[in-house]
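Engineer: Encoded as structure tokens, here's the structure I'll be asking about.
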Amino acid sequence: MLLGYARVSGADQNPDHQTDALVRAGVAAEDIHVDHATGAKASRPKLDLVLRLLRDGDTLVITRLDRLGRSVLHLITLGAELRERGVGLRVLEQGIDTTTAEGRAMFGMLSVLAELQRELIVAIIYTQQPGMRHVGLRTAC
């Protein structure tokens, strides 16, 4: 069974591009679960639900790694948990399928890059706050 998960960062964002991609990948519309969560620590009740629903032989389908995990550690932990349970992970935009050795290796590498990207974005936003420009990127991180 294919289960889809999508996440947008705010209530004003539209998840349609993610849900459309999941449907095109073969996920039934009723098997797609969407969270509206802002921030790395935000609650993700639909992700929790999907993780409870997944069974041995199922595959979790997402559009991008950054839609799934809060950090590299979270992504790696989720990946290991899914693998131990016999659940595959397909990441559409990165072409990852963890049912293969190559897919598992790519998952690990891209998890690290996704976290780096998130940290850079946070650092840039932080340095653009009033009174922070003089501090610089190195200090802001």
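In the structure tokens, chains take the letters A, B, ... in the order shown, each chain's residues start at 1, and ligands count up from 1 in the order shown.
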Applying 8 Å and only C-alpha atoms, which residues near range 18-28 of chain A remain after dropping the ones on its own chain fewer than 4 positions away? List them as a CSV table (one decimal) with N, CA and C atoms, in the first residue's frame.

Structural biologist:
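Wrote around39.csv, looks like this:
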```csv
chain,number,residue,atom,x,y,z
A,2,LEU,N,0.5,2.2,-0.8
A,2,LEU,CA,1.2,3.5,-0.8
A,2,LEU,C,0.4,4.5,0.1
A,3,LEU,N,1.2,5.1,1.0
A,3,LEU,CA,0.6,6.2,1.8
A,3,LEU,C,1.4,7.5,1.5
A,4,GLY,N,0.7,8.6,1.3
A,4,GLY,CA,1.4,9.8,1.0
A,4,GLY,C,1.4,10.8,2.2
A,6,ALA,N,2.3,15.0,3.0
A,6,ALA,CA,2.7,16.3,2.5
A,6,ALA,C,2.7,17.3,3.7
A,32,ILE,N,-3.6,10.2,1.3
A,32,ILE,CA,-2.6,11.4,1.4
A,32,ILE,C,-3.0,12.2,2.6
A,61,VAL,N,5.3,7.7,0.6
A,61,VAL,CA,5.7,8.5,-0.5
A,61,VAL,C,5.6,10.0,-0.1
A,62,ILE,N,6.7,10.7,-0.4
A,62,ILE,CA,6.7,12.2,-0.1
A,62,ILE,C,7.3,12.9,-1.3
A,63,THR,N,7.2,14.2,-1.4
A,63,THR,CA,7.7,14.9,-2.6
A,63,THR,C,9.2,15.2,-2.4
A,92,LEU,N,10.0,11.6,-4.2
A,92,LEU,CA,9.7,11.9,-5.7
A,92,LEU,C,10.8,12.8,-6.3
```

Engineer: Any chance you could list, as number ranges by chain, the residues in chain A that come up strand (DSSP E) when DSSP is run on the backbone?

Structural biologist: A: 2-8, 32-36, 59-62, 88-91, 96-97

Engineer: Residues at most 9 Å from range 105-114 of chain A, counting only C-alpha atoms, excluding those fewer than 5 positions away in the same chain, as a ChimeraX atom specification?

Structural biologist: /A:65-66,69,71-73,75-76,79,91,94-98,100,119

Engineer: List every residue of chain A that DSSP, applied to the backbone of this structure, assigns to helix (DSSP H, G or I), and report them as an NGL selection string.

Structural biologist: :A and (16-24 or 29-31 or 45-53 or 65-67 or 72-84 or 101-127 or 137-140)

Engineer: Rank A:Val87, A:Ala101, A:Ile125, A:Val8 by their smallest atom-to-atom distance to Arg52 in chain A, using only C-alpha atoms, and report the top residue only.

Structural biologist: A:Val87

Engineer: What is the CA of Ser9 in chain A-CA of Ser43 in chain A distance in Å, reported with one decimal?

Structural biologist: 11.4 Å

Engineer: Write out as a ChimeraX atom specification each polymer residue whose atoms come within 10 Å of Leu82 in chain A, counting only C-alpha atoms; drop sequence neighbours fewer than 6 positions from it.

Structural biologist: /A:51,54-56,58-60,76,88-89,98

Engineer: Given the selection you just returned, output its residues as a file containing N, CA and C atoms, formatted as a PDB file, in the first residue's frame.

Structural biologist:
```pdb
ATOM      1  N   LEU A  51       2.630   7.364  10.278  1.00  0.00           N
ATOM      2  CA  LEU A  51       3.606   6.422  10.840  1.00  0.00           C
ATOM      3  C   LEU A  51       2.912   5.277  11.574  1.00  0.00           C
ATOM      4  N   LEU A  54       1.346   2.804   8.699  1.00  0.00           N
ATOM      5  CA  LEU A  54       2.259   2.045   7.842  1.00  0.00           C
ATOM      6  C   LEU A  54       2.516   0.647   8.392  1.00  0.00           C
ATOM      7  N   ARG A  55       2.487  -0.344   7.500  1.00  0.00           N
ATOM      8  CA  ARG A  55       2.723  -1.748   7.853  1.00  0.00           C
ATOM      9  C   ARG A  55       3.824  -2.322   6.979  1.00  0.00           C
ATOM     10  N   ASP A  56       4.324  -3.473   7.364  1.00  0.00           N
ATOM     11  CA  ASP A  56       5.349  -4.176   6.603  1.00  0.00           C
ATOM     12  C   ASP A  56       4.900  -4.317   5.145  1.00  0.00           C
ATOM     13  N   ASP A  58       4.433  -1.769   3.091  1.00  0.00           N
ATOM     14  CA  ASP A  58       3.907  -0.484   2.635  1.00  0.00           C
ATOM     15  C   ASP A  58       5.048   0.431   2.211  1.00  0.00           C
ATOM     16  N   THR A  59       4.695   1.498   1.513  1.00  0.00           N
ATOM     17  CA  THR A  59       5.668   2.506   1.122  1.00  0.00           C
ATOM     18  C   THR A  59       5.113   3.887   1.446  1.00  0.00           C
ATOM     19  N   LEU A  60       5.933   4.686   2.113  1.00  0.00           N
ATOM     20  CA  LEU A  60       5.607   6.081   2.382  1.00  0.00           C
ATOM     21  C   LEU A  60       6.149   6.902   1.212  1.00  0.00           C
ATOM     22  N   ILE A  76      17.171  10.544   9.680  1.00  0.00           N
ATOM     23  CA  ILE A  76      17.886   9.268   9.784  1.00  0.00           C
ATOM     24  C   ILE A  76      17.150   8.320  10.719  1.00  0.00           C
ATOM     25  N   GLY A  88       9.019   0.915   2.950  1.00  0.00           N
ATOM     26  CA  GLY A  88       9.854   1.647   2.011  1.00  0.00           C
ATOM     27  C   GLY A  88       9.556   3.129   2.061  1.00  0.00           C
ATOM     28  N   LEU A  89      10.477   3.920   1.526  1.00  0.00           N
ATOM     29  CA  LEU A  89      10.312   5.363   1.438  1.00  0.00           C
ATOM     30  C   LEU A  89      10.665   5.795   0.022  1.00  0.00           C
ATOM     31  N   THR A  98      14.123   3.765  -0.917  1.00  0.00           N
ATOM     32  CA  THR A  98      14.951   3.085   0.082  1.00  0.00           C
ATOM     33  C   THR A  98      14.820   1.570   0.079  1.00  0.00           C
TER      34      THR A  98
END
```

Engineer: Please indicate the distance in Å from CA of Lys46 in chain A to CA of Glu84 in chain A, rounded to one decimal place.

Structural biologist: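 Between CA of Lys46 in chain A and CA of Glu84 in chain A the gap is 21.0 Å.
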
Engineer: Check the smallest atom-to-atom distance from each of A:Gly10, A:Thr77, A:Pro15, A:Tyr5 to Pro45 in chain A using only C-alpha atoms, then report the winner.

Structural biologist: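 When distances to Pro45 in chain A are compared using only C-alpha atoms, the smallest one comes from A:Tyr5.
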